[in-house]
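File shown: model.txt (compact mmCIF, C-alpha atoms and all ligand atoms).
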# COMPACT_ATOMS: atom_id res chain seq x y z
CA MET B 1 0.00 0.00 0.00
CA THR B 2 1.51 3.33 -1.00
CA ILE B 3 1.17 6.23 1.40
CA LYS B 4 0.44 9.64 -0.04
CA LEU B 5 1.23 12.50 2.27
CA SER B 6 -0.40 15.91 2.24
CA LYS B 7 1.81 18.70 0.91
CA ARG B 8 2.40 19.87 4.50
CA LEU B 9 3.46 16.46 5.79
CA GLN B 10 5.58 15.87 2.68
CA HIS B 11 7.57 19.04 3.39
CA ILE B 12 8.10 17.89 6.97
CA ALA B 13 9.12 14.40 5.79
CA ASP B 14 11.64 15.93 3.36
CA TRP B 15 13.44 17.61 6.26
CA VAL B 16 13.85 14.48 8.37
CA PRO B 17 17.51 13.55 7.89
CA ALA B 18 18.13 10.23 6.15
CA GLY B 19 19.03 7.44 8.57
CA SER B 20 17.21 9.07 11.50
CA ARG B 21 15.89 7.28 14.55
CA LEU B 22 12.68 9.26 14.69
CA ALA B 23 10.02 10.13 17.22
CA ASP B 24 6.85 11.71 15.85
CA ILE B 25 5.03 13.20 18.81
CA GLY B 26 1.30 13.78 18.36
CA SER B 27 1.40 11.41 15.42
CA ASP B 28 -2.36 10.95 14.98
CA HIS B 29 -2.64 8.45 12.08
CA ALA B 30 1.13 7.90 12.12
CA LEU B 31 1.22 8.79 8.44
CA LEU B 32 4.56 10.59 8.69
CA PRO B 33 6.57 7.81 10.41
CA THR B 34 4.88 5.13 8.32
CA TYR B 35 5.71 6.94 5.10
CA LEU B 36 9.32 7.51 6.19
CA ALA B 37 9.75 3.88 7.28
CA ARG B 38 8.20 2.58 4.06
CA SER B 39 10.45 4.77 1.93
CA GLY B 40 13.55 3.50 3.77
CA ARG B 41 14.53 7.00 4.81
CA ILE B 42 14.64 6.31 8.55
CA LEU B 43 16.02 3.44 10.61
CA HIS B 44 12.96 3.19 12.82
CA ALA B 45 10.35 5.38 14.49
CA ILE B 46 8.25 5.86 17.57
CA ALA B 47 4.80 7.33 17.01
CA GLY B 48 3.66 9.00 20.24
CA GLU B 49 0.01 9.79 20.93
CA VAL B 50 -1.71 10.94 24.09
CA ASN B 51 -5.32 10.44 22.98
CA PRO B 52 -6.95 7.03 22.56
CA GLY B 53 -8.64 7.66 19.17
CA PRO B 54 -5.51 8.84 17.35
CA PHE B 55 -3.46 6.18 19.17
CA ASP B 56 -5.74 3.45 17.78
CA ALA B 57 -5.65 5.04 14.32
CA ALA B 58 -1.83 5.07 14.46
CA ALA B 59 -1.67 1.43 15.55
CA LYS B 60 -4.03 0.43 12.70
CA GLN B 61 -2.03 2.38 10.14
CA VAL B 62 1.22 0.73 11.19
CA ALA B 63 -0.34 -2.74 11.25
CA SER B 64 -2.02 -2.37 7.86
CA SER B 65 1.28 -1.17 6.40
CA ARG B 66 3.04 -4.19 7.98
CA LEU B 67 5.63 -1.93 9.52
CA GLU B 68 5.43 -2.99 13.18
CA HIS B 69 9.10 -3.99 13.03
CA MET B 70 10.01 -0.36 12.20
CA VAL B 71 7.35 1.86 13.77
CA GLN B 72 6.33 1.45 17.41
CA VAL B 73 3.17 3.22 18.50
CA ARG B 74 3.27 4.34 22.14
CA ARG B 75 0.59 6.02 24.19
CA GLY B 76 1.62 8.89 26.44
CA ASP B 77 1.96 12.61 26.96
CA GLY B 78 4.61 14.28 24.81
CA LEU B 79 8.16 13.03 25.33
CA ALA B 80 7.05 10.67 28.14
CA VAL B 81 6.87 7.91 25.52
CA LEU B 82 10.64 8.11 24.96
CA GLN B 83 13.68 6.78 26.80
CA PRO B 84 16.70 9.12 26.86
CA GLY B 85 18.97 8.49 23.87
CA GLU B 86 16.40 6.45 21.98
CA VAL B 87 15.97 8.81 19.02
CA ASP B 88 18.02 11.47 17.26
CA CYS B 89 15.24 13.32 15.44
CA ILE B 90 11.87 14.51 16.72
CA THR B 91 8.98 15.81 14.65
CA ILE B 92 6.06 17.65 16.25
CA ALA B 93 3.49 18.98 13.81
CA GLY B 94 -0.04 20.25 13.55
CA MET B 95 -0.47 21.81 16.97
CA GLY B 96 -0.07 25.26 18.49
CA GLY B 97 3.36 26.70 19.18
CA SER B 98 2.70 26.92 22.94
CA LEU B 99 1.80 23.24 23.11
CA ILE B 100 4.92 22.32 21.15
CA VAL B 101 6.99 24.37 23.60
CA SER B 102 5.33 22.76 26.62
CA ILE B 103 6.00 19.28 25.18
CA LEU B 104 9.67 20.12 24.51
CA SER B 105 10.11 21.75 27.93
CA ALA B 106 8.44 19.08 30.05
CA GLU B 107 11.24 16.52 30.02
CA PRO B 108 14.60 18.03 29.08
CA LEU B 109 16.49 14.77 29.67
CA LYS B 110 14.53 13.13 26.88
CA LEU B 111 16.19 15.52 24.46
CA ASP B 112 19.65 14.15 25.28
CA GLY B 113 21.02 12.63 22.11
CA VAL B 114 18.45 14.34 19.92
CA ARG B 115 20.17 16.30 17.15
CA TYR B 116 17.34 17.38 14.87
CA LEU B 117 13.91 18.88 15.40
CA VAL B 118 11.37 19.38 12.64
CA LEU B 119 8.51 21.46 14.00
CA GLN B 120 5.33 22.73 12.41
CA PRO B 121 3.33 24.97 14.73
CA ASN B 122 -0.12 25.93 13.42
CA VAL B 123 0.01 29.22 15.33
CA GLY B 124 2.36 30.88 17.81
CA GLU B 125 5.51 30.32 15.76
CA GLU B 126 7.32 32.98 17.79
CA PHE B 127 7.06 30.86 20.96
CA VAL B 128 8.82 28.00 19.20
CA ARG B 129 11.60 30.26 17.92
CA GLY B 130 11.99 31.70 21.41
CA TRP B 131 12.25 28.22 22.93
CA LEU B 132 14.83 27.11 20.34
CA SER B 133 17.02 30.15 21.09
CA LYS B 134 16.76 29.72 24.86
CA ASN B 135 17.59 26.05 24.72
CA GLY B 136 20.58 26.01 22.40
CA TRP B 137 18.89 24.88 19.18
CA SER B 138 19.94 26.54 15.93
CA LEU B 139 17.10 27.31 13.55
CA MET B 140 18.74 26.26 10.29
CA LYS B 141 15.81 26.42 7.86
CA GLU B 142 12.24 27.60 7.71
CA GLN B 143 9.65 27.40 5.03
CA ILE B 144 6.12 28.57 4.52
CA ILE B 145 3.57 26.76 2.39
CA GLU B 146 -0.09 27.00 1.52
CA GLU B 147 -2.38 24.00 1.32
CA ASP B 148 -6.17 23.96 1.00
CA GLY B 149 -6.37 27.64 1.89
CA LYS B 150 -4.26 27.27 5.04
CA ILE B 151 -0.78 28.59 5.57
CA TYR B 152 1.82 26.57 7.46
CA GLU B 153 5.34 27.29 8.66
CA ILE B 154 7.85 24.49 9.05
CA MET B 155 11.07 24.80 11.05
CA TYR B 156 14.17 22.68 11.07
CA ALA B 157 16.58 23.05 14.00
CA GLU B 158 19.84 21.36 14.85
CA ARG B 159 21.85 21.03 18.02
CA LEU B 160 25.29 22.37 17.13
CA SER B 161 28.31 23.04 19.32
CA GLN B 162 27.95 25.98 21.74
CA GLU B 163 30.33 28.01 19.59
CA GLN B 164 28.43 27.31 16.36
CA PHE B 165 25.13 28.02 18.10
CA THR B 166 26.34 31.43 19.26
CA VAL B 167 27.48 32.39 15.76
CA CYS B 168 24.22 31.12 14.24
CA GLU B 169 22.10 33.08 16.74
CA GLN B 170 24.05 36.26 16.08
CA GLN B 171 23.49 35.86 12.35
CA LEU B 172 19.81 34.98 12.68
CA TYR B 173 18.78 37.66 15.11
CA ALA B 174 21.08 40.59 14.40
CA PRO B 175 18.92 43.65 13.61
CA TYR B 176 17.80 43.35 9.99
CA MET B 177 16.91 46.22 7.70
CA LEU B 178 14.30 45.88 4.97
CA SER B 179 15.00 47.57 1.62
CA CYS B 180 12.90 50.60 2.61
CA GLY B 181 14.84 51.19 5.81
CA ILE B 182 12.56 49.50 8.38
CA MET B 183 14.68 47.89 11.10
CA LEU B 184 13.56 44.60 12.58
CA ASP B 185 14.87 43.75 16.02
CA GLU B 186 15.07 40.30 17.60
CA THR B 187 11.44 40.38 18.80
CA TRP B 188 10.19 41.11 15.29
CA LEU B 189 12.51 38.51 13.76
CA LYS B 190 11.20 35.87 16.19
CA LEU B 191 7.67 36.78 15.19
CA MET B 192 8.25 36.95 11.45
CA GLY B 193 10.83 34.19 11.06
CA PRO B 194 14.48 35.19 10.56
CA HIS B 195 14.86 33.12 7.36
CA LEU B 196 11.40 33.81 5.94
CA VAL B 197 11.52 37.58 6.36
CA LYS B 198 14.81 37.80 4.47
CA ASN B 199 13.30 36.17 1.40
CA PRO B 200 9.57 36.90 1.47
CA SER B 201 7.55 34.61 -0.83
CA GLU B 202 4.03 35.28 -2.15
CA VAL B 203 2.59 32.96 0.52
CA TYR B 204 4.56 34.75 3.21
CA ILE B 205 3.24 38.15 2.12
CA GLN B 206 -0.27 36.69 2.01
CA LYS B 207 0.15 35.44 5.60
CA TRP B 208 1.00 38.92 6.83
CA GLN B 209 -1.82 40.51 4.82
CA LEU B 210 -4.21 38.16 6.63
CA GLU B 211 -2.54 38.99 9.93
CA LEU B 212 -2.99 42.68 9.23
CA LYS B 213 -6.74 42.16 8.69
CA LYS B 214 -6.88 40.26 11.99
CA GLN B 215 -5.19 43.16 13.75
CA GLU B 216 -7.69 45.58 12.18
CA ARG B 217 -10.59 43.52 13.51
CA ILE B 218 -9.07 43.44 17.00
CA ILE B 219 -8.56 47.20 16.96
CA GLN B 220 -12.19 47.69 15.92
CA THR B 221 -13.42 45.59 18.82
CA MET B 222 -11.40 47.85 21.11
CA ALA B 223 -12.88 51.04 19.67
CA ASN B 224 -14.66 51.88 22.90
CA ALA B 225 -11.67 51.36 25.15
CA GLU B 226 -12.06 53.70 28.08
CA THR B 227 -9.72 52.66 30.86
CA GLU B 228 -6.08 53.66 30.65
CA ASP B 229 -5.10 50.00 30.42
CA ALA B 230 -7.49 49.30 27.58
CA MET B 231 -6.35 52.41 25.70
CA GLU B 232 -2.71 51.42 26.12
CA ARG B 233 -3.47 47.92 24.87
CA ARG B 234 -5.29 49.36 21.86
CA GLN B 235 -2.37 51.67 21.13
CA ARG B 236 0.02 48.70 21.12
CA PHE B 237 -2.15 47.01 18.48
CA VAL B 238 -2.30 50.22 16.44
CA THR B 239 1.51 50.55 16.52
CA HIS B 240 1.96 46.88 15.61
CA LYS B 241 -0.49 47.22 12.72
CA ALA B 242 1.30 50.33 11.43
CA GLN B 243 4.59 48.41 11.41
CA LEU B 244 3.01 45.53 9.49
CA GLU B 245 1.51 47.93 6.97
CA ALA B 246 4.88 49.55 6.41
CA MET B 247 6.52 46.15 5.86
CA LEU B 248 3.84 45.06 3.42
CA ALA B 249 4.21 48.32 1.49
CA CYS B 250 7.94 47.72 1.40
CA TRP B 251 7.56 44.20 -0.07
CA GLN B 252 5.01 45.45 -2.63
CA LYS B 253 7.49 48.10 -3.70
CA ASP B 254 10.29 45.51 -3.99
CA LYS B 255 8.09 43.47 -6.34
CA GLN B 256 7.54 46.39 -8.76
N1 LIG T 1 1.19 15.36 13.67
C1 LIG T 1 0.04 15.07 12.85
C2 LIG T 1 -0.01 16.01 11.68
O1 LIG T 1 0.72 16.99 11.67
O2 LIG T 1 -0.79 15.76 10.75
C3 LIG T 1 -1.24 15.16 13.65
C4 LIG T 1 -1.63 16.52 14.11
S1 LIG T 1 -3.07 16.48 15.09
C5 LIG T 1 -3.86 17.95 14.67
C6 LIG T 1 -2.43 16.75 16.71
C7 LIG T 1 -2.26 15.45 17.45
O3 LIG T 1 -1.46 15.68 18.60
C8 LIG T 1 -3.57 14.86 17.93
O4 LIG T 1 -3.69 13.56 17.45
C9 LIG T 1 -3.45 14.90 19.45
O5 LIG T 1 -4.06 13.77 20.06
C10 LIG T 1 -1.95 14.88 19.65
N2 LIG T 1 -1.46 15.49 20.89
C11 LIG T 1 -1.85 16.65 21.44
N3 LIG T 1 -1.17 16.89 22.57
C12 LIG T 1 -0.32 15.85 22.74
C13 LIG T 1 0.65 15.52 23.71
N4 LIG T 1 0.86 16.30 24.77
N5 LIG T 1 1.35 14.37 23.56
C14 LIG T 1 1.13 13.57 22.49
N6 LIG T 1 0.21 13.82 21.54
C15 LIG T 1 -0.50 14.96 21.66
Show me, as structure tokens, the structure contained in the file I just sent.
Ligand code: SAM
Amino acid sequence: MTIKLSKRLQHIADWVPAGSRLADIGSDHALLPTYLARSGRILHAIAGEVNPGPFDAAAKQVASSRLEHMVQVRRGDGLAVLQPGEVDCITIAGMGGSLIVSILSAEPLKLDGVRYLVLQPNVGEEFVRGWLSKNGWSLMKEQIIEEDGKIYEIMYAERLSQEQFTVCEQQLYAPYMLSCGIMLDETWLKLMGPHLVKNPSEVYIQKWQLELKKQERIIQTMANAETEDAMERRQRFVTHKAQLEAMLACWQKDKQ
């Protein structure tokens, strides 16, 4: 039986290094590890699932693909399904950035021996970038794709030596100036993606146009802000929106 991945999962699969011992946390139907095992790209995999329905679906998928010798399905919360040193690559995809961060933070010892992370937060990408920086992971690549009207960001991080990590961080998060003179500091780069913002694709620009509309709606709902706190909060949104507008204008100008 051939396994056809969605465009999103295929991009994630493509970034799993060949020969990996993989853990796919929050694996749902275990499509990703099954595909990678079937294609011979990984040595073996653990598919972790906390919820019974997806756990059963994963077990069925592995059994019907006759890959039990390569993919083990384990039930548990986040990294609890792993023994230290068991895998060298972890994928976590299709959940919010805060949940990904809480999974990665819960059991630091389980990350011993892990060299590669491929992460795909649905929202809250900045939390994931912040966690990577704080925990010594170098964000080597990012990409943004669109599938079925949804936009996804995929991140690939490696654990390098301390020295290499420091150099990488300095390069990633040094203040960056757009062609029209707007300076982006580390906070903005963590929000926008240090790789993505330096080479903005059509999908990337579309993402920030949608984000701008979201900000406009939030500002409208705060139109009647009366307390000092509420007015300050509104002002922060207005400033943020103005910055986004300026960036979008800048990219439009670059395209002409
Ligand atoms: N990773 C797959 C993908 O990208 O297509 C499935 C994504 S699905 C939307 C999220 C899955 O994560 C669900 O099956 C859910 O049960 C599982 N999940 C959520 N929190 C989890 C946790 N703390 N530990 C393990 N699995 C979790």
Considering all atoms listed in the file, return as a VMD selection string whatever protein or nucleic-acid residues lie within 12 Å of Phe127 in chain B, sequence-local ones (same chain, fewer than 3 positions apart) excluded. chain B and resid 96 to 102 104 to 105 119 to 124 130 to 134 187 189 to 193
With all atoms listed in the file counted, collect every polymer residue having an atom within 10 Å of ligand LIG 1 (chain T); state the result as a ChimeraX atom specification. /B:5-6,8-9,12,24-33,47-55,57-58,74-81,91-96,99-100,102-104,106,119-122
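Between CA of Leu43 in chain B and CA of Gly19 in chain B there is a distance of 5.4 Å.
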Could you check how far CA of Thr221 in chain B sits from CA of Tyr152 in chain B, in Å to one decimal? 26.9 Å
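Closest approach to Gln209 in chain B among B:Trp137, B:Tyr156, B:Tyr35, B:Trp251 is made by B:Trp251 (distances from all atoms listed in the file).
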12 Å contact set for Trp188 in chain B, all atoms listed in the file, chain neighbours under 4 positions out, as number ranges by chain: B: 125-126, 129-130, 172-177, 182-184, 192-194, 196-197, 240, 243-244, 247
Which polymer residues, protein or nucleic acid, are no farther than 10 Å from (3.5, 42.1, 6.4), counting only C-alpha atoms, as a count of residues only? 24
